[in-house]
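Dumped coords_1.cif below, it's mmCIF, C-alpha atoms:
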```cif
data_input
loop_
_atom_site.label_atom_id
_atom_site.label_comp_id
_atom_site.auth_asym_id
_atom_site.auth_seq_id
_atom_site.Cartn_x
_atom_site.Cartn_y
_atom_site.Cartn_z
CA MET A 1 -3.02 15.19 -30.42
CA ALA A 2 -6.09 17.07 -31.64
CA THR A 3 -4.00 18.57 -34.45
CA HIS A 4 -3.39 15.02 -35.72
CA GLY A 5 -7.08 14.12 -35.75
CA LEU A 6 -7.50 12.50 -32.34
CA LYS A 7 -10.77 13.68 -30.86
CA PRO A 8 -11.23 14.29 -27.10
CA GLY A 9 -12.06 11.04 -25.36
CA ALA A 10 -10.33 8.91 -28.02
CA PHE A 11 -7.54 7.99 -25.63
CA VAL A 12 -6.88 7.79 -21.89
CA TYR A 13 -4.17 9.99 -20.44
CA VAL A 14 -2.25 8.01 -17.77
CA ALA A 15 -0.15 9.98 -15.30
CA ASP A 16 1.39 9.67 -11.87
CA SER A 17 0.12 11.46 -8.77
CA ALA A 18 1.72 14.78 -9.75
CA PHE A 19 -1.17 15.18 -12.20
CA VAL A 20 -3.65 15.75 -9.37
CA THR A 21 -3.82 19.53 -9.05
CA GLN A 22 -6.84 21.79 -9.28
CA ASP A 23 -5.58 23.36 -12.52
CA ASN A 24 -4.94 20.01 -14.26
CA LEU A 25 -8.27 18.53 -13.19
CA GLU A 26 -10.19 21.59 -14.35
CA LYS A 27 -8.42 21.56 -17.73
CA ALA A 28 -9.16 17.86 -18.19
CA GLN A 29 -12.79 18.48 -17.27
CA ALA A 30 -13.11 21.37 -19.70
CA ALA A 31 -11.44 19.53 -22.60
CA ASN A 32 -13.26 16.23 -21.92
CA THR A 33 -9.87 14.53 -21.62
CA LYS A 34 -10.08 11.01 -20.20
CA PHE A 35 -7.43 10.42 -17.57
CA LEU A 36 -6.24 7.84 -15.06
CA THR A 37 -3.95 8.77 -12.19
CA ARG A 38 -3.10 7.97 -8.61
CA LEU A 39 -4.59 10.05 -5.81
CA PRO A 40 -1.83 11.37 -3.52
CA ALA A 41 -2.00 10.24 0.09
CA THR A 42 -1.84 13.90 1.16
CA TYR A 43 -5.51 14.32 0.19
CA ASP A 44 -8.08 13.57 2.90
CA GLU A 45 -10.24 11.89 0.26
CA CYS A 46 -7.53 9.25 -0.18
CA SER A 47 -7.62 8.13 3.45
CA ARG A 48 -11.43 8.40 3.48
CA ALA A 49 -11.76 6.13 0.44
CA ILE A 50 -9.33 3.58 1.90
CA GLN A 51 -11.15 3.60 5.23
CA LYS A 52 -14.46 3.10 3.44
CA ALA A 53 -13.03 0.13 1.52
CA VAL A 54 -11.64 -1.48 4.67
CA ASP A 55 -14.89 -0.94 6.59
CA GLY A 56 -17.03 -2.17 3.69
CA ASP A 57 -14.94 -5.32 3.23
CA ALA A 58 -16.45 -6.00 -0.21
CA TRP A 59 -13.28 -6.47 -2.21
CA MET A 60 -13.16 -7.67 -5.82
CA GLU A 61 -10.43 -10.23 -6.39
CA LEU A 62 -8.20 -9.15 -9.27
CA GLY A 63 -5.56 -11.80 -8.77
CA SER A 64 -2.04 -11.34 -10.10
CA LEU A 65 -1.13 -9.19 -13.10
CA ALA A 66 2.31 -10.74 -13.59
CA GLU A 67 2.93 -11.90 -17.15
CA MET A 68 5.84 -14.19 -16.28
CA VAL A 69 6.50 -16.79 -13.61
CA PRO A 70 7.84 -14.96 -10.52
CA PRO A 71 10.86 -16.25 -8.55
CA GLN A 72 10.14 -18.26 -5.40
CA LYS A 73 11.81 -15.71 -3.15
CA ARG A 74 9.66 -12.92 -4.55
CA PRO A 75 6.11 -14.08 -5.28
CA ALA A 76 3.92 -12.00 -7.55
CA ALA A 77 1.68 -9.42 -5.92
CA VAL A 78 -2.00 -10.28 -5.59
CA TYR A 79 -4.50 -7.45 -5.95
CA ASN A 80 -7.99 -6.73 -4.64
CA ALA A 81 -10.08 -3.70 -5.52
CA TYR A 82 -12.99 -1.68 -4.15
CA GLU A 83 -14.89 0.89 -6.23
CA THR A 84 -16.16 4.15 -4.79
CA THR A 85 -16.14 7.88 -5.59
CA VAL A 86 -14.10 10.82 -4.32
CA THR A 87 -14.80 14.54 -4.46
CA LEU A 88 -11.98 16.87 -5.49
CA TYR A 89 -12.48 20.58 -6.00
CA GLU A 90 -16.28 20.17 -6.13
CA HIS A 91 -16.18 17.42 -8.79
CA ASP A 92 -16.82 13.71 -8.29
CA TYR A 93 -14.44 11.14 -9.76
CA ARG A 94 -14.50 7.39 -10.00
CA ALA A 95 -12.06 5.87 -7.51
CA ILE A 96 -10.53 2.39 -7.35
CA VAL A 97 -9.07 1.47 -3.98
CA VAL A 98 -6.41 -1.16 -4.71
CA HIS A 99 -4.87 -3.45 -2.12
CA SER A 100 -1.56 -5.06 -3.00
CA SER A 101 -0.16 -8.01 -1.08
CA ALA A 102 3.36 -6.69 -1.71
CA HIS A 103 2.75 -2.94 -1.53
CA ASP A 104 5.35 -0.72 0.15
CA LYS A 105 7.05 -2.77 2.86
CA ARG A 106 8.26 0.47 4.45
CA ARG A 107 4.70 1.20 5.57
CA HIS A 108 4.49 -2.16 7.32
CA LYS A 109 7.82 -1.50 9.04
CA ARG A 110 6.37 1.81 10.23
CA ILE A 111 3.40 -0.08 11.66
CA ASP A 112 5.76 -2.51 13.40
CA ARG A 113 7.56 0.42 15.03
CA LEU A 114 4.24 1.93 16.08
CA LEU A 115 3.11 -1.34 17.66
CA GLU A 116 6.43 -1.73 19.43
CA ASN A 117 6.25 1.79 20.88
CA LYS A 118 2.66 1.26 22.04
CA ARG A 119 3.62 -2.03 23.67
CA ASN A 120 6.58 -0.42 25.46
CA GLU A 121 4.28 2.28 26.84
CA LEU A 122 1.84 -0.35 28.08
CA GLU A 123 4.60 -2.45 29.64
CA ALA A 124 5.91 0.58 31.54
CA LEU A 125 2.41 1.22 32.90
CA CYS A 126 1.98 -2.48 33.72
CA LYS A 127 5.26 -2.54 35.62
CA LYS A 128 4.11 0.37 37.76
CA ILE A 129 0.68 -1.16 38.45
CA ARG A 130 2.10 -4.63 39.10
CA SER A 131 4.48 -3.32 41.75
CA GLU A 132 1.65 -1.84 43.81
CA ALA A 133 -0.43 -3.73 46.37
CA TYR A 134 -4.16 -3.08 46.75
CA TYR A 135 -5.96 -3.60 50.02
CA CYS A 136 -9.38 -4.30 48.51
CA ARG A 137 -10.64 -5.89 45.34
CA ALA A 138 -12.37 -2.68 44.29
CA ASP A 139 -9.04 -0.80 44.20
CA ALA A 140 -7.43 -3.61 42.18
CA GLN A 141 -10.37 -3.61 39.75
CA ALA A 142 -10.09 0.17 39.37
CA ALA A 143 -6.40 -0.19 38.46
CA ALA A 144 -7.26 -2.93 35.95
CA ASP A 145 -9.93 -0.71 34.38
CA LYS A 146 -7.38 2.11 34.09
CA LEU A 147 -4.97 -0.19 32.28
CA ASN A 148 -7.70 -1.45 29.93
CA ALA A 149 -8.63 2.14 29.10
CA ALA A 150 -4.98 2.91 28.30
CA ALA A 151 -4.85 -0.11 25.99
CA VAL A 152 -7.82 1.01 23.87
CA GLY A 153 -5.76 3.06 21.42
CA SER A 154 -2.59 0.98 21.63
CA TYR A 155 -3.64 -1.90 19.31
CA HIS A 156 -3.08 -4.28 22.23
CA LYS A 157 -5.25 -6.09 24.77
CA CYS A 158 -4.42 -6.50 28.44
CA GLU A 159 -5.47 -9.58 30.33
CA CYS A 160 -5.81 -8.67 34.00
CA LEU A 161 -6.15 -11.33 36.68
CA ILE A 162 -6.76 -10.17 40.25
CA GLU A 163 -4.97 -12.41 42.71
CA LYS A 164 -5.72 -12.48 46.45
CA VAL A 165 -2.48 -12.79 48.44
CA ALA A 166 -2.27 -13.56 52.18
CA LYS A 167 -0.07 -11.36 54.43
CA PHE A 168 1.64 -12.81 57.48
CA GLY A 169 3.17 -11.18 60.50
CA ARG A 170 6.89 -11.11 61.27
CA GLY A 171 8.72 -13.67 63.33
CA ARG A 172 9.18 -17.44 63.38
CA LEU A 173 6.39 -19.60 64.70
CA ALA A 174 6.87 -22.52 67.08
CA LYS A 175 7.09 -25.97 65.57
CA GLY A 176 3.69 -27.44 64.76
CA VAL A 177 1.86 -24.10 64.97
CA LEU A 178 -0.05 -23.11 61.83
CA ARG A 179 0.66 -19.68 60.42
CA THR A 180 -2.41 -17.45 60.45
CA PRO A 181 -2.72 -14.57 57.96
CA VAL A 182 -2.93 -11.14 59.53
CA GLY A 183 -4.63 -9.78 56.43
CA TYR A 184 -4.97 -9.96 52.69
CA GLU A 185 -3.95 -7.78 49.76
CA TYR A 186 -4.69 -7.92 46.03
CA GLN A 187 -2.21 -7.96 43.19
CA LEU A 188 -2.63 -7.83 39.42
CA GLN A 189 -1.25 -10.48 37.12
CA LEU A 190 -0.97 -8.84 33.69
CA LYS A 191 -0.43 -10.13 30.16
CA ILE A 192 -0.20 -8.03 26.99
CA ASN A 193 -1.26 -9.41 23.59
CA PRO A 194 -1.64 -7.72 20.19
CA ASP A 195 -5.25 -6.95 19.29
CA SER A 196 -5.51 -8.72 15.93
CA GLU A 197 -8.94 -7.23 15.21
CA LYS A 198 -7.45 -3.72 15.32
CA VAL A 199 -4.07 -4.51 13.77
CA LYS A 200 -5.53 -6.26 10.70
CA PRO A 201 -7.38 -3.16 9.35
CA LEU A 202 -4.27 -1.08 10.04
CA ARG A 203 -2.11 -3.38 7.92
CA LEU A 204 -4.83 -3.60 5.29
CA GLN A 205 -4.89 0.18 4.96
CA ALA A 206 -1.10 0.27 4.67
CA GLY A 207 -1.27 -1.97 1.60
CA CYS A 208 -3.78 0.25 -0.23
CA PHE A 209 -3.54 3.03 -2.77
CA VAL A 210 -6.24 4.87 -4.74
CA LEU A 211 -6.59 5.32 -8.49
CA ILE A 212 -8.96 7.98 -9.80
CA CYS A 213 -10.30 8.63 -13.28
CA ASN A 214 -13.15 10.34 -15.09
CA LEU A 215 -14.17 7.15 -16.92
CA ASP A 216 -17.57 7.11 -15.28
CA SER A 217 -20.08 6.36 -18.04
CA GLN A 218 -21.58 2.90 -18.39
CA GLN A 219 -19.65 2.32 -21.63
CA ASP A 220 -16.40 3.44 -20.01
CA MET A 221 -16.92 1.16 -17.03
CA THR A 222 -17.59 -1.77 -19.38
CA ASN A 223 -14.37 -1.24 -21.29
CA PHE A 224 -12.33 -0.22 -18.27
CA ASP A 225 -13.16 -2.31 -15.24
CA ALA A 226 -11.02 -2.22 -12.09
CA ARG A 227 -8.57 -4.86 -13.37
CA GLU A 228 -8.09 -3.11 -16.72
CA LEU A 229 -7.54 0.27 -15.02
CA LEU A 230 -4.92 -1.20 -12.71
CA ARG A 231 -3.17 -2.92 -15.61
CA LEU A 232 -3.27 0.31 -17.60
CA TYR A 233 -1.78 2.29 -14.73
CA LYS A 234 0.98 -0.24 -14.04
CA ASN A 235 1.98 -0.20 -17.71
CA GLN A 236 3.58 3.19 -17.03
CA ASP A 237 6.65 1.26 -15.98
CA GLY A 238 7.15 0.07 -19.54
CA ILE A 239 6.86 3.61 -20.88
CA GLU A 240 9.32 4.93 -18.30
CA ARG A 241 11.82 2.20 -19.17
CA ASN A 242 11.45 3.08 -22.85
CA PHE A 243 12.45 6.69 -22.28
CA SER A 244 14.89 6.18 -19.42
CA PHE A 245 17.83 6.53 -21.79
CA LEU A 246 16.85 10.18 -22.40
CA LYS A 247 17.67 10.90 -18.75
CA ASP A 248 21.04 9.17 -18.95
CA PRO A 249 23.86 11.72 -18.45
CA VAL A 250 25.75 10.04 -21.30
CA ILE A 251 22.92 11.06 -23.64
CA VAL A 252 21.97 14.40 -22.12
CA ASN A 253 25.54 15.67 -21.76
CA SER A 254 26.20 14.89 -25.42
CA ILE A 255 23.46 17.21 -26.67
CA PHE A 256 24.70 20.65 -27.66
CA LEU A 257 21.72 21.80 -29.68
CA LYS A 258 20.20 25.21 -28.99
CA LYS A 259 17.76 25.85 -31.83
CA ASN A 260 14.26 24.51 -31.29
CA HIS A 261 13.89 22.92 -34.72
CA ARG A 262 17.13 20.98 -34.32
CA ILE A 263 16.04 19.71 -30.91
CA GLU A 264 12.74 18.59 -32.46
CA VAL A 265 14.58 16.74 -35.23
CA LEU A 266 16.79 14.97 -32.69
CA GLY A 267 13.69 14.01 -30.71
CA LEU A 268 12.13 12.59 -33.86
CA VAL A 269 15.26 10.52 -34.59
CA LEU A 270 15.22 9.14 -31.03
CA LEU A 271 11.53 8.26 -31.27
CA ILE A 272 12.02 6.50 -34.60
CA SER A 273 14.92 4.56 -33.07
CA LEU A 274 12.71 3.58 -30.14
CA LEU A 275 9.94 2.54 -32.54
CA ILE A 276 12.34 0.27 -34.46
CA TRP A 277 13.62 -1.18 -31.18
CA ARG A 278 10.10 -2.02 -30.00
CA LEU A 279 9.20 -3.43 -33.41
CA ILE A 280 12.14 -5.83 -33.14
CA GLU A 281 10.95 -6.87 -29.66
CA HIS A 282 7.42 -7.40 -30.98
CA CYS A 283 8.66 -9.69 -33.76
CA MET A 284 10.78 -11.67 -31.30
CA ARG A 285 7.86 -12.08 -28.89
CA ARG A 286 5.56 -13.22 -31.70
CA TYR A 287 8.19 -15.70 -32.91
CA ILE A 288 8.53 -17.25 -29.44
CA SER A 289 4.76 -17.35 -28.96
CA GLU A 290 4.08 -19.04 -32.30
CA THR A 291 6.98 -21.51 -32.37
CA GLY A 292 7.64 -22.17 -28.69
CA ASN A 293 11.39 -21.94 -29.39
CA THR A 294 13.98 -20.17 -27.28
CA ILE A 295 16.36 -17.43 -28.30
CA THR A 296 19.76 -16.35 -27.03
CA GLY A 297 19.40 -14.11 -24.02
CA TRP A 298 21.65 -12.57 -21.41
CA LYS A 299 25.14 -14.13 -21.27
CA ASP A 300 24.25 -16.37 -24.24
CA ASN A 301 21.71 -18.31 -22.17
CA PRO A 302 18.56 -19.55 -23.94
CA THR A 303 15.44 -17.75 -22.79
CA THR A 304 11.72 -17.48 -23.41
CA ASN A 305 11.30 -14.40 -21.22
CA ARG A 306 9.35 -12.22 -23.61
CA LEU A 307 9.47 -9.19 -21.32
CA ARG A 308 13.23 -8.76 -21.34
CA LEU A 309 14.47 -9.69 -24.78
CA CYS A 310 16.36 -6.46 -25.43
#
```
Rewrite the coordinates I just gave you, this time as C-alpha cells.
Amino acid sequence: MATHGLKPGAFVYVADSAFVTQDNLEKAQAANTKFLTRLPATYDECSRAIQKAVDGDAWMELGSLAEMVPPQKRPAAVYNAYETTVTLYEHDYRAIVVHSSAHDKRRHKRIDRLLENKRNELEALCKKIRSEAYYCRADAQAAADKLNAAAVGSYHKCECLIEKVAKFGRGRLAKGVLRTPVGYEYQLQLKINPDSEKVKPLRLQAGCFVLICNLDSQQDMTNFDARELLRLYKNQDGIERNFSFLKDPVIVNSIFLKKNHRIEVLGLVLLISLLIWRLIEHCMRRYISETGNTITGWKDNPTTNRLRLC
C-alpha cells in the first residue's frame, strides 16, 4: 500500500485472531501500522481482561448493530463494552471487552454441563450424609459445615436444616400407655439450589470476547470509539463473503495458470468483476433508500432488504 501512496497510519488493518503473534505485533509496531484484531482466548491476558470487566461492572451500552429487522425467532444481538489495556510481549495495547447477548451458545452449554456435574457430585454427598444419624447436634452441625464447604466451588448453595428425631424402644405398648422416647438423634434435611451470584459472572464471562488495537491516541479514540471498533471488526464478514467465491472448488479447480504474471492478471480481472458487482449493489441500495420502492428479490418476491440484493 505504501507503493501506491498510502502512508502508515492512513488505514486500519483488520484481521482475525491469527494475527496475534509476536512477529506480527512487532512488525506492526515498527511500521506504525494501525490494526484491529481479536485476542485469542489462549492468552492469559484475555481471561484477565474479561475478569476485570466482569468485576468492574462498568459496561458501556452499545445496543444492537443490526442494520435490518431481525426475525422473531432470532433476535439481534445486544452488545456491551468495557475498555481496558492488555500487555503482550512487553507492549501495552488498547483492549475492548465485548459482551454479546447471543455469543457462542456452545459455551453456555458447556457451563450447563459443568453445573450439572457439580450438582450431581453434591447430591451424591448429600445422599451419604442424609442416610447417617447423628447422636448430638454438634456432630450434625459438623456434617452440615462439611457439606457447605464442599459447595463453595460448585456454584450451588446447600440449605441444611438439623432435625431432632425421637427414638423409641422395640415392642408394643399396652393400650392407653404413652410411648416414651429412649433417646434422640439428629438428622439433616438438605436442599440444593444454584448460587445465582456465582453463576451470573460465569455466564457473563462466557459471552465475552476481547478486541485489541493500537489506536490509543486521543484522536484515534475520538474517531474509533468502542462501538465503531466493534462495527469495524464485524464488517469482516462482508469482506469474507465478497471473496468466498475464490475458495469455491468450481473456481479454484478451473485455474491452470502457472506463471506469476498470468495469475496476477486473473486476480485483477476477478477484483474488477467484484468491484462492478458491488457498484451495482450500491446503486440498488441508493435507489431503494431514495425512492422507498421495492425491487424483485429471491424467487421473484419484492424486497427492500438492502443487505442481500445480489
Output the residue selection produced by the PyMOL selection byres ((chain A and resi 155) around 9) on the file above, formatted as a ChimeraX atom specification.
-> /A:115,118-119,151-154,156-157,193-199
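In terms of minimum interatomic distance to Ala10 (chain A), A:Leu215 ranks closest within A:Leu215, A:Thr84, A:Thr304, A:Leu188, counting only C-alpha atoms.
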Please give the centre and size of the box around region 187-202 of chain A (axis-aligned, containing every atom listed in the file, 5 Å added per side), with values in Å to one decimal and written as lines of an AutoDock Vina configuration file.
```
center_x = -4.6
center_y = -5.8
center_z = 26.3
size_x = 18.7
size_y = 19.4
size_z = 43.8
```
Using all atoms listed in the file, which residues sit within 10 Å of Leu147 (chain A) once same-chain residues fewer than 6 positions away are excluded, as a ChimeraX atom specification?
-> /A:122,125-126,129,141,157-160,190
Å distance separating CA of Pro181 (chain A) from CA of Ser131 (chain A), one decimal place = 21.0 Å
With a distance cut-off of 8 Å and all atoms listed in the file, select the neighbouring residues of Ala102 (chain A), excluding the residue or stretch itself and same-chain residues fewer than 3 positions from it, and output the selection as a PyMOL selection string.
-> chain A and resi 76-78+105+207
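For Leu274 (chain A), the set of protein, DNA and RNA residues having any atom at most 12 Å away, when counting all atoms listed in the file and skipping those fewer than 6 positions along the same chain, is Ile239, Arg241, Asn242, Phe243, Ser244, Phe245, Leu246, Gly267, Leu268, Ile280, Glu281 and Cys310 of chain A.
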Let me know the residues the PyMOL selection byres ((chain A and resi 187) around 8) catches in the file above, as number ranges by chain.
-> A: 130, 132-134, 140, 162-165, 185-186, 188-189
Once you have the residues from the selection above, write them out as a PDB file, in the coordinates of the input, restricted to C-alpha atoms.
```pdb
ATOM      1  CA  ARG A 130       2.100  -4.630  39.100  1.00  0.00           C
ATOM      2  CA  GLU A 132       1.650  -1.840  43.810  1.00  0.00           C
ATOM      3  CA  ALA A 133      -0.430  -3.730  46.370  1.00  0.00           C
ATOM      4  CA  TYR A 134      -4.160  -3.080  46.750  1.00  0.00           C
ATOM      5  CA  ALA A 140      -7.430  -3.610  42.180  1.00  0.00           C
ATOM      6  CA  ILE A 162      -6.760 -10.170  40.250  1.00  0.00           C
ATOM      7  CA  GLU A 163      -4.970 -12.410  42.710  1.00  0.00           C
ATOM      8  CA  LYS A 164      -5.720 -12.480  46.450  1.00  0.00           C
ATOM      9  CA  VAL A 165      -2.480 -12.790  48.440  1.00  0.00           C
ATOM     10  CA  GLU A 185      -3.950  -7.780  49.760  1.00  0.00           C
ATOM     11  CA  TYR A 186      -4.690  -7.920  46.030  1.00  0.00           C
ATOM     12  CA  LEU A 188      -2.630  -7.830  39.420  1.00  0.00           C
ATOM     13  CA  GLN A 189      -1.250 -10.480  37.120  1.00  0.00           C
TER      14      GLN A 189
END
```
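Residue selection for this entry, given the PyMOL selection byres ((chain A and resi 45) around 8), comprises A:Tyr43, A:Asp44, A:Cys46, A:Ser47, A:Arg48, A:Ala49, A:Val86, A:Thr87, A:Leu88.
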